[in-house]
Amino acid sequence: MAAAVLIAGALLYEGGRYLWREKRWNWIVVHHTASDFGNLAYFRDLHQREKGWPDIAYHFLINNGTAGTAAGQVEESNLWHDRDGGYSTKVHEVNQFGIAIVLVGNFEKHSVPDQQMEALLHLILRLKREHGIPLDHIVGHRELWATACPGKHLNMSEVRAKIAEMEKNDAHR
Ligand SMILES: [Zn+2]
């Protein structure tokens with residue numbers, strides 16, 4: 001599977017690596033920061049200092065209104081700008097082929113504010129459409145690995161149901 005993808009990547013490389021990079025996304029993984037303060041620059045700095053990573057581990061970050069942001073405001077990292085793989089999970093395939101979205105907040109302790117949930121649903125729907133990602137490949141971190149992330153108050157079954165409903169409503173317009 002991975003070999004076939006790499007061969008396809010090599011072929012598409014002739015036409016420009018950007019094309020194969022756009023074609024490869026096959027997962028969306030949702031995370032929380034497990035803390036209620038920060039923005040993209042804040043977590044990038046934290047990851048670089050504490051983990052020695054080259055950038056924040058996620059492609060998109062959804063703000064909660066702290067650190068000079070508006071609740072529901074979406075920031076894109078350099079990882080997304082460069083279409084680089086992430087390193088937000090311990091599952092290699094998902095890091096390589098998955099788009100990582102993180103919400104600022106601790107959803108093990110409290111529910112997801114409406115503005116952040118709305119931003120999450122619209123971002124997922126857009127990425128799902130643009131990259132043809134199947135519904136069952138839209139997952140929370142803890143559906144892949146033994147972790148609390150993105151918290152018990154962020155119910156990914158509900159998120160998938162809402163995405164399916166939004167797609168259905170759009171199709172009927
Ligand atoms: Zn996570």
# chains A, B, ... in the order shown; residues from 1 in each chain; ligands from 1
$ residues_near_ligand --ligand "ligand 1" --cutoff "9 Å" --atoms "only C-alpha atoms and all ligand atoms" --output "PDB file with C-alpha atoms, in the first residue's frame"
ATOM      1  CA  VAL A  29      -7.035  13.430  13.006  1.00  0.00           C
ATOM      2  CA  VAL A  30      -8.449  15.702  15.705  1.00  0.00           C
ATOM      3  CA  HIS A  31      -6.503  16.668  18.848  1.00  0.00           C
ATOM      4  CA  HIS A  32      -6.858  19.004  21.793  1.00  0.00           C
ATOM      5  CA  THR A  33      -4.037  20.959  23.417  1.00  0.00           C
ATOM      6  CA  ALA A  34      -5.159  19.774  26.892  1.00  0.00           C
ATOM      7  CA  SER A  88       1.180  14.222  16.167  1.00  0.00           C
ATOM      8  CA  THR A  89       0.490  10.480  16.608  1.00  0.00           C
ATOM      9  CA  ALA A 100      -3.776  17.009  11.963  1.00  0.00           C
ATOM     10  CA  VAL A 102      -5.821  20.711  17.063  1.00  0.00           C
ATOM     11  CA  GLY A 140      -9.971  11.527  17.186  1.00  0.00           C
ATOM     12  CA  HIS A 141      -6.429  10.830  18.370  1.00  0.00           C
ATOM     13  CA  ARG A 142      -7.682   8.369  20.989  1.00  0.00           C
ATOM     14  CA  THR A 147      -4.565   8.524  24.934  1.00  0.00           C
ATOM     15  CA  ALA A 148      -7.281  10.798  26.340  1.00  0.00           C
ATOM     16  CA  CYS A 149      -6.829  13.240  23.430  1.00  0.00           C
ATOM     17  CA  PRO A 150      -9.005  15.026  22.268  1.00  0.00           C
TER      18      PRO A 150
END
$ residues_around --residues "A:Ile163" --least-positions-apart "2" --cutoff "9 Å" --atoms "only C-alpha atoms" --output "PyMOL selection string"
chain A and resi 121-122+124-125+135+158-161+165-168
$ atom_distance --atom1 "atom CA of A:Leu120" --atom2 "atom CA of A:Lys90"
22.7 Å
$ select_by_dssp --residues "chain A" --states "helix (DSSP H, G or I)" --output "MDAnalysis selection string"
chainID A and resid 2:13 17:23 40:51 78:81 92:97 114:131 135:137 141:143 156:171
$ residues_around --residues "stretch 55-66 of chain A" --least-positions-apart "3" --cutoff "8 Å" --atoms "only C-alpha atoms" --output "PyMOL selection string"
chain A and resi 36-40+43-45+47-48+69-80+86-88+99-105+113+116+119-120
$ write_last_selection --atoms "C-alpha atoms" --output "mmCIF file, in the first residue's frame"
data_model
loop_
_atom_site.group_PDB
_atom_site.id
_atom_site.type_symbol
_atom_site.label_atom_id
_atom_site.label_comp_id
_atom_site.auth_asym_id
_atom_site.auth_seq_id
_atom_site.Cartn_x
_atom_site.Cartn_y
_atom_site.Cartn_z
ATOM 1 C CA ASP A 36 -6.954 26.389 27.832
ATOM 2 C CA PHE A 37 -4.480 29.066 26.760
ATOM 3 C CA GLY A 38 -2.473 29.689 23.619
ATOM 4 C CA ASN A 39 -2.395 30.250 19.882
ATOM 5 C CA LEU A 40 -0.348 28.728 17.069
ATOM 6 C CA PHE A 43 2.314 26.022 20.862
ATOM 7 C CA ARG A 44 4.939 26.131 18.101
ATOM 8 C CA ASP A 45 7.357 27.670 20.562
ATOM 9 C CA HIS A 47 6.915 22.158 20.819
ATOM 10 C CA GLN A 48 10.220 23.481 19.562
ATOM 11 C CA THR A 69 -7.233 35.340 19.168
ATOM 12 C CA ALA A 70 -10.944 35.090 18.387
ATOM 13 C CA ALA A 71 -12.776 31.901 19.391
ATOM 14 C CA GLY A 72 -13.147 29.680 16.331
ATOM 15 C CA GLN A 73 -10.389 31.437 14.399
ATOM 16 C CA VAL A 74 -8.368 28.903 12.377
ATOM 17 C CA GLU A 75 -4.597 29.180 11.953
ATOM 18 C CA GLU A 76 -2.543 27.217 9.400
ATOM 19 C CA SER A 77 0.955 26.076 10.333
ATOM 20 C CA ASN A 78 4.069 25.903 8.138
ATOM 21 C CA LEU A 79 3.500 22.146 8.138
ATOM 22 C CA TRP A 80 0.366 22.710 6.053
ATOM 23 C CA GLY A 86 2.885 15.604 10.820
ATOM 24 C CA TYR A 87 4.188 13.884 13.920
ATOM 25 C CA SER A 88 1.180 14.222 16.167
ATOM 26 C CA ILE A 99 -4.134 16.120 8.273
ATOM 27 C CA ALA A 100 -3.776 17.009 11.963
ATOM 28 C CA ILE A 101 -6.197 19.521 13.474
ATOM 29 C CA VAL A 102 -5.821 20.711 17.063
ATOM 30 C CA LEU A 103 -8.316 22.675 19.143
ATOM 31 C CA VAL A 104 -7.066 24.857 21.970
ATOM 32 C CA GLY A 105 -8.725 23.635 25.156
ATOM 33 C CA PRO A 113 -17.310 25.974 22.871
ATOM 34 C CA GLN A 116 -14.729 26.096 18.007
ATOM 35 C CA ALA A 119 -15.058 25.999 12.956
ATOM 36 C CA LEU A 120 -14.039 22.335 13.337
#
